[in-house]
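Undergrad: This structure is in structure tokens; I'll ask about it shortly.
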Amino acid sequence: MPSIPGVSQEEIRRQNLGAVLRYVHLNGPTSRAALTRRLGLNRSTIGALAADLTASGLVTEEAPTTARRAGRPSLVVSPRSDRVYANALSIEAERLRAARVGLGGRILDLREAPRPGGMSAVDAVRPLADLVRDMERAVAPDALLVGGAVAVTDTTRDPDGRIRIASANESLGTALEAEFPAGPGFVAGDLADIAALAEHVRGVAAGVDDLIYLHGDVGISAGIIVAGRLLMGHHGHSGKVGHMVVNPNGLPCGCGSRGCWETEIGEAALLRHAGRDPGDRAAVAEVLRAAADGDPRAREAVERVADWLGFGVGNLVNVVNPDAVVFGGSLRDIFTAGADIVRRRLDTMPLPVSREHLRLQPAALDENAVLIGAAELAFDKLLADPLNVGVAGPAGSADSA
Ligand SMILES: [Zn+2]
């Protein structure tokens with residue numbers, strides 16, 4: 001391999017191991033021959049790297065089951081999803097979820113508990129930890145936990161149904177450490193940011209480096225990816241697009257301001273326009289179903305929200321100029337039901353340079369996007385340095401064919 005001044009052989013090997021592991025993590029089982037072509041490394045290098053990853057218990061290498069051709073078949077390298085995993089947690093507006101996600105992005109186990117109205121993110125750590133401990137009981141002794149991440153929404157509902165914006169929560173890390181004193185620890189991130197990451201890595205925006213992901217549930221927020229990197233802002237609090245004021249004469253918002261975008265496109269707005277009482281996800285789903293069935297009031301509510309949705313997106317694309325806007329959470333359903341109306345705004349509001357190349361798309365991943373995204377964060381360390389992330393355990397069970 002060519003030597004690059006200032007970069008040691010060890011560093012190059014680490015980067016190459018990471019590249020091979022990342023490739024099969026994102027693309028699934030891949031033959032050595034295909035890895036050689038796609039990663040631009042020579043055949044013997046790929047062979048040595050794959051052998052190291054196999055010996056560490058991170059991948060398996062097996063002869064392909066199909067395609068018999070003359071000569072020795074190229075071994076297929078697969079991530080060991082069953083053995084190598086991350087703990088992915090989410091603190092959502094109305095529920096708490098914990099998943100074990102295997103290398104390769106496969107959900108191996110998933111548990112859920114309700115988040116009662118008024119429960120703070122810090123108070124949610126204990127019930128989440130119970131879910132994790134419950135899952136861990138079913139884990140094989142040779143399994144390898146490589147990291148953890150938690151996705152947190154800052155919008156919650158009080159017991160009386162009022163929407164509240166939680167203040168920045170610096171003590172979440174301390175609470176997580178207290179519950180999980182051993183092991184690789186947790187990183188925390190904003191829920192919309194993490195769902196954006198999932199769509200960017202494995203979803204509808206795979207390969208798109210400039211995108212706005214809009215997430216709707218009780219509140220509205222965005223994960224904005226610019227040049228392939230998440231826009232973070234001070235302490236990670238960027239993307240609060242739900243509090244962009246779009247209607248100065250509008251309704252008061254949970255943040256203390258008036259006429260925020262959230263008051264026009266949030267779940268509460270949809271229910272209000274449909275003439276329903278404030279409610280939960282089930283109530284929102286009911287309105288969307290009624291609209292699809294042709295109920296005029298529900299249809300009108302969806303159209304009104306879709307128009308405001310297009311209005312806000314029109315402003316955002318002028319600022320960010322993304323290649324794609326992806327609609328997730330409840331906004332996925334609003335967009336799907338009212339895409340024509342959203343597009344009508346987008347056809348006229350933004351500058352031509354901001355709209356001509358723009359794709360508007362519903363999220364491809366389901367409600368598990370946030371767990372898949374959290375796992376991606378948790379796998380980061382392993383993928384950067386595969387042989388140095390706690391692989392000391394019962395590794396290398398020699399599964400090679
Ligand atoms: Zn607001």
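Please note that chains go A, B, ... in the order of the structure tokens, that every chain numbers its residues from 1, and that ligands are numbered from 1 in the order shown.
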Ligand 1: which residues are within 10 Å, counting only C-alpha atoms and all ligand atoms, as a PyMOL selection string?
TA: chain A and resi 164-165+219-220+240-245+251-263
Undergrad: Kindly export the residues of the current selection with N, CA and C atoms, as a short mmCIF file (atom, residue, chain, number, x, y, z; two decimals), in the first residue's frame.
TA:
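result-v9.cif written:
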```
data_model
loop_
_atom_site.label_atom_id
_atom_site.label_comp_id
_atom_site.auth_asym_id
_atom_site.auth_seq_id
_atom_site.Cartn_x
_atom_site.Cartn_y
_atom_site.Cartn_z
N ARG A 164 -45.68 21.53 26.27
CA ARG A 164 -44.63 22.26 26.97
C ARG A 164 -43.27 21.99 26.30
N ILE A 165 -42.47 23.03 26.23
CA ILE A 165 -41.11 22.88 25.69
C ILE A 165 -40.16 22.71 26.87
N GLY A 219 -44.75 18.19 18.87
CA GLY A 219 -44.13 19.41 18.37
C GLY A 219 -43.58 19.19 16.96
N ILE A 220 -42.95 20.23 16.44
CA ILE A 220 -42.35 20.16 15.10
C ILE A 220 -40.88 20.54 15.23
N LYS A 240 -34.95 24.21 15.52
CA LYS A 240 -36.25 24.36 16.20
C LYS A 240 -37.22 25.12 15.29
N VAL A 241 -37.43 24.58 14.12
CA VAL A 241 -38.22 25.29 13.11
C VAL A 241 -39.69 25.41 13.50
N GLY A 242 -40.13 24.57 14.42
CA GLY A 242 -41.52 24.66 14.87
C GLY A 242 -41.83 26.01 15.51
N HIS A 243 -40.77 26.71 15.94
CA HIS A 243 -40.98 28.01 16.61
C HIS A 243 -40.60 29.19 15.73
N MET A 244 -40.52 28.93 14.45
CA MET A 244 -40.40 30.01 13.47
C MET A 244 -41.79 30.65 13.41
N VAL A 245 -41.85 31.96 13.61
CA VAL A 245 -43.17 32.63 13.61
C VAL A 245 -43.64 32.81 12.16
N LEU A 251 -52.11 31.78 17.12
CA LEU A 251 -52.39 31.32 18.48
C LEU A 251 -51.13 31.35 19.34
N PRO A 252 -51.33 31.46 20.68
CA PRO A 252 -50.16 31.35 21.57
C PRO A 252 -49.54 29.95 21.46
N CYS A 253 -48.22 29.90 21.59
CA CYS A 253 -47.48 28.63 21.47
C CYS A 253 -46.95 28.23 22.85
N GLY A 254 -46.68 26.95 23.04
CA GLY A 254 -46.14 26.45 24.30
C GLY A 254 -44.80 27.08 24.66
N CYS A 255 -44.11 27.68 23.68
CA CYS A 255 -42.80 28.28 23.95
C CYS A 255 -42.94 29.69 24.52
N GLY A 256 -44.16 30.24 24.53
CA GLY A 256 -44.37 31.60 25.04
C GLY A 256 -44.56 32.62 23.94
N SER A 257 -44.25 32.25 22.71
CA SER A 257 -44.43 33.16 21.59
C SER A 257 -45.84 32.96 21.00
N ARG A 258 -46.08 33.57 19.86
CA ARG A 258 -47.41 33.50 19.25
C ARG A 258 -47.26 33.25 17.75
N GLY A 259 -48.13 32.39 17.22
CA GLY A 259 -48.15 32.16 15.78
C GLY A 259 -46.97 31.36 15.25
N CYS A 260 -46.36 30.55 16.13
CA CYS A 260 -45.27 29.67 15.67
C CYS A 260 -45.81 28.69 14.63
N TRP A 261 -44.92 28.21 13.77
CA TRP A 261 -45.29 27.25 12.72
C TRP A 261 -46.00 26.04 13.32
N GLU A 262 -45.50 25.62 14.51
CA GLU A 262 -46.07 24.48 15.21
C GLU A 262 -47.57 24.64 15.50
N THR A 263 -47.99 25.90 15.75
CA THR A 263 -49.42 26.12 16.06
C THR A 263 -50.27 25.98 14.80
#
```
Undergrad: Among stretch 136-356 of chain A, which ones does DSSP place in helix (DSSP H, G or I), written as number ranges by chain?
TA: A: 136, 172-179, 191-202, 234-236, 241-243, 262-265, 267-273, 281-292, 296-320, 330-348, 352-355
Undergrad: Could you name the residues that touch stretch 46-53 of chain A at 12 Å or less, counting only C-alpha atoms, but leaving out those on the same chain fewer than 3 positions away, as a PyMOL selection string?
TA: chain A and resi 1+12-24+30-43+56-62+74-80+84+382-383+385-388+391+395-401
Undergrad: Suppose you want the space between atom CA of A:Arg332 and atom CA of A:Leu360; what is it in Å?
TA: 10.7 Å
Undergrad: Check the smallest atom-to-atom distance from each of A:His234, A:Ala337, A:Ala269, A:Leu110 to A:Gly250 using only C-alpha atoms, then report the winner.
TA: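 Looking at the shortest contact to A:Gly250, the residue is A:Ala269.
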Undergrad: Can you tell me, as number ranges by chain, what residues are no more than 10 Å from A:Glu267 when counting only C-alpha atoms, ignoring any on the same chain fewer than 5 positions away?
TA: A: 216-220, 262, 272, 278-281, 283-285, 305, 330-331, 334
Undergrad: For the residues in that selection, give me N, CA and C atoms as an mmCIF file, in the first residue's frame.
TA:
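File produced: selection-v3.cif:
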```
data_model
loop_
_atom_site.group_PDB
_atom_site.id
_atom_site.type_symbol
_atom_site.label_atom_id
_atom_site.label_comp_id
_atom_site.auth_asym_id
_atom_site.auth_seq_id
_atom_site.Cartn_x
_atom_site.Cartn_y
_atom_site.Cartn_z
ATOM 1 N N GLY A 216 -42.691 15.611 12.759
ATOM 2 C CA GLY A 216 -43.885 16.068 13.470
ATOM 3 C C GLY A 216 -44.354 15.039 14.474
ATOM 4 N N ASP A 217 -44.571 15.467 15.698
ATOM 5 C CA ASP A 217 -45.421 14.695 16.625
ATOM 6 C C ASP A 217 -46.133 15.742 17.464
ATOM 7 N N VAL A 218 -45.963 15.715 18.767
ATOM 8 C CA VAL A 218 -46.592 16.766 19.559
ATOM 9 C C VAL A 218 -46.052 18.129 19.131
ATOM 10 N N GLY A 219 -44.754 18.189 18.867
ATOM 11 C CA GLY A 219 -44.127 19.414 18.367
ATOM 12 C C GLY A 219 -43.580 19.186 16.963
ATOM 13 N N ILE A 220 -42.947 20.234 16.439
ATOM 14 C CA ILE A 220 -42.348 20.163 15.104
ATOM 15 C C ILE A 220 -40.882 20.538 15.225
ATOM 16 N N GLU A 262 -45.500 25.625 14.509
ATOM 17 C CA GLU A 262 -46.072 24.476 15.209
ATOM 18 C C GLU A 262 -47.568 24.638 15.498
ATOM 19 N N ARG A 272 -57.691 20.539 15.813
ATOM 20 C CA ARG A 272 -58.515 21.738 15.976
ATOM 21 C C ARG A 272 -59.303 22.016 14.691
ATOM 22 N N PRO A 278 -58.490 18.124 21.692
ATOM 23 C CA PRO A 278 -57.064 17.780 21.713
ATOM 24 C C PRO A 278 -56.916 16.303 22.060
ATOM 25 N N GLY A 279 -55.957 15.643 21.437
ATOM 26 C CA GLY A 279 -55.825 14.202 21.684
ATOM 27 C C GLY A 279 -54.440 13.707 21.368
ATOM 28 N N ASP A 280 -54.317 12.392 21.283
ATOM 29 C CA ASP A 280 -53.002 11.791 21.087
ATOM 30 C C ASP A 280 -52.825 11.326 19.643
ATOM 31 N N ARG A 281 -51.811 10.470 19.455
ATOM 32 C CA ARG A 281 -51.500 9.975 18.104
ATOM 33 C C ARG A 281 -52.675 9.254 17.467
ATOM 34 N N ALA A 283 -55.835 9.868 17.861
ATOM 35 C CA ALA A 283 -56.811 10.850 17.377
ATOM 36 C C ALA A 283 -56.354 11.438 16.040
ATOM 37 N N VAL A 284 -55.051 11.685 15.924
ATOM 38 C CA VAL A 284 -54.492 12.223 14.677
ATOM 39 C C VAL A 284 -54.676 11.210 13.544
ATOM 40 N N ALA A 285 -54.386 9.960 13.846
ATOM 41 C CA ALA A 285 -54.546 8.901 12.833
ATOM 42 C C ALA A 285 -55.996 8.809 12.373
ATOM 43 N N VAL A 305 -53.611 22.396 6.959
ATOM 44 C CA VAL A 305 -52.298 22.123 7.547
ATOM 45 C C VAL A 305 -51.245 21.960 6.438
ATOM 46 N N SER A 330 -45.686 12.521 12.133
ATOM 47 C CA SER A 330 -47.039 12.811 11.648
ATOM 48 C C SER A 330 -47.005 13.648 10.367
ATOM 49 N N LEU A 331 -45.906 14.376 10.124
ATOM 50 C CA LEU A 331 -45.817 15.172 8.890
ATOM 51 C C LEU A 331 -45.685 14.292 7.650
ATOM 52 N N ILE A 334 -49.285 13.827 6.766
ATOM 53 C CA ILE A 334 -49.858 15.082 6.270
ATOM 54 C C ILE A 334 -49.354 15.330 4.849
#
```
Undergrad: Can you list, as a ChimeraX atom specification, every protein, DNA or RNA residue that comes within 6 Å of stretch 346-359 of chain A when you count only C-alpha atoms, leaving out same-chain residues fewer than 4 positions away?
TA: /A:314,318,321,323-324
Undergrad: Find the spatial neighbours of A:Ala196, counting only C-alpha atoms, within a cut-off of 12 Å - ignore same-chain residues fewer than 5 positions away - and output them as an MDAnalysis selection string.
TA: chainID A and resid 151 189:191 201:206 208:215 221:226 228:231 239 324:329 363:365 369:374 376:377
Undergrad: Please give the complete set of residues from stretch 97-331 of chain A that DSSP, run on the backbone, assigns to strand (DSSP E or B), formatted as a PyMOL selection string.
TA: chain A and resi 97-102+106-114+144-152+155-157+163-165+186-190+211-216+220-226+229-230+245+252+258+260+324-329
Undergrad: Which distance in Å separates atom CA of A:Gly148 and atom CA of A:Ala188, to one decimal?
TA: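 Here the two named atoms are 8.8 Å from each other.
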Undergrad: Could you name the residues that touch A:Met135 at 9 Å or less, counting only C-alpha atoms, but leaving out those on the same chain fewer than 3 positions away, as a list in words?
TA: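 Those residues are Ala98, Ala99, Arg100, Asp109, Leu110, Arg111, Asp130, Leu131, Val132, Ala138 and Val139 of chain A.
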Undergrad: Generate a file of the selected residues that holds N, CA, C and O atoms, formatted as a PDB file, in the first residue's frame.
TA:
```
ATOM      1  N   ALA A  98     -36.853   1.317  23.822  1.00  0.00           N
ATOM      2  CA  ALA A  98     -35.478   0.825  23.915  1.00  0.00           C
ATOM      3  C   ALA A  98     -35.332  -0.320  22.937  1.00  0.00           C
ATOM      4  O   ALA A  98     -36.208  -1.185  22.864  1.00  0.00           O
ATOM      5  N   ALA A  99     -34.254  -0.311  22.159  1.00  0.00           N
ATOM      6  CA  ALA A  99     -34.025  -1.387  21.197  1.00  0.00           C
ATOM      7  C   ALA A  99     -32.582  -1.840  21.264  1.00  0.00           C
ATOM      8  O   ALA A  99     -31.688  -1.055  21.574  1.00  0.00           O
ATOM      9  N   ARG A 100     -32.387  -3.130  20.990  1.00  0.00           N
ATOM     10  CA  ARG A 100     -31.039  -3.609  20.695  1.00  0.00           C
ATOM     11  C   ARG A 100     -30.953  -3.660  19.181  1.00  0.00           C
ATOM     12  O   ARG A 100     -31.768  -4.313  18.530  1.00  0.00           O
ATOM     13  N   ASP A 109     -34.298  -6.525  19.128  1.00  0.00           N
ATOM     14  CA  ASP A 109     -35.275  -6.575  20.219  1.00  0.00           C
ATOM     15  C   ASP A 109     -35.770  -5.152  20.431  1.00  0.00           C
ATOM     16  O   ASP A 109     -35.012  -4.196  20.220  1.00  0.00           O
ATOM     17  N   LEU A 110     -37.023  -5.012  20.821  1.00  0.00           N
ATOM     18  CA  LEU A 110     -37.604  -3.670  20.970  1.00  0.00           C
ATOM     19  C   LEU A 110     -38.625  -3.700  22.100  1.00  0.00           C
ATOM     20  O   LEU A 110     -39.488  -4.572  22.130  1.00  0.00           O
ATOM     21  N   ARG A 111     -38.482  -2.757  23.043  1.00  0.00           N
ATOM     22  CA  ARG A 111     -39.423  -2.664  24.170  1.00  0.00           C
ATOM     23  C   ARG A 111     -39.968  -1.248  24.227  1.00  0.00           C
ATOM     24  O   ARG A 111     -39.322  -0.296  23.804  1.00  0.00           O
ATOM     25  N   ASP A 130     -34.905   0.099  32.915  1.00  0.00           N
ATOM     26  CA  ASP A 130     -35.601  -1.167  33.187  1.00  0.00           C
ATOM     27  C   ASP A 130     -35.850  -1.932  31.890  1.00  0.00           C
ATOM     28  O   ASP A 130     -35.704  -3.150  31.836  1.00  0.00           O
ATOM     29  N   LEU A 131     -36.237  -1.208  30.839  1.00  0.00           N
ATOM     30  CA  LEU A 131     -36.461  -1.856  29.539  1.00  0.00           C
ATOM     31  C   LEU A 131     -35.163  -2.486  29.025  1.00  0.00           C
ATOM     32  O   LEU A 131     -35.155  -3.599  28.510  1.00  0.00           O
ATOM     33  N   VAL A 132     -34.054  -1.738  29.185  1.00  0.00           N
ATOM     34  CA  VAL A 132     -32.759  -2.250  28.718  1.00  0.00           C
ATOM     35  C   VAL A 132     -32.369  -3.505  29.496  1.00  0.00           C
ATOM     36  O   VAL A 132     -31.970  -4.522  28.916  1.00  0.00           O
ATOM     37  N   ALA A 138     -32.036 -11.528  27.706  1.00  0.00           N
ATOM     38  CA  ALA A 138     -32.154 -12.475  26.588  1.00  0.00           C
ATOM     39  C   ALA A 138     -30.911 -12.480  25.696  1.00  0.00           C
ATOM     40  O   ALA A 138     -30.902 -13.133  24.661  1.00  0.00           O
ATOM     41  N   VAL A 139     -29.868 -11.761  26.116  1.00  0.00           N
ATOM     42  CA  VAL A 139     -28.692 -11.626  25.251  1.00  0.00           C
ATOM     43  C   VAL A 139     -27.739 -12.809  25.436  1.00  0.00           C
ATOM     44  O   VAL A 139     -27.487 -13.242  26.554  1.00  0.00           O
TER      45      VAL A 139
END
```
Undergrad: Which residue out of A:Glu177, A:Asp123, A:Asp333, A:Asp307 has the minimum interatomic distance to A:Pro362 when only C-alpha atoms are used?
TA: A:Asp333
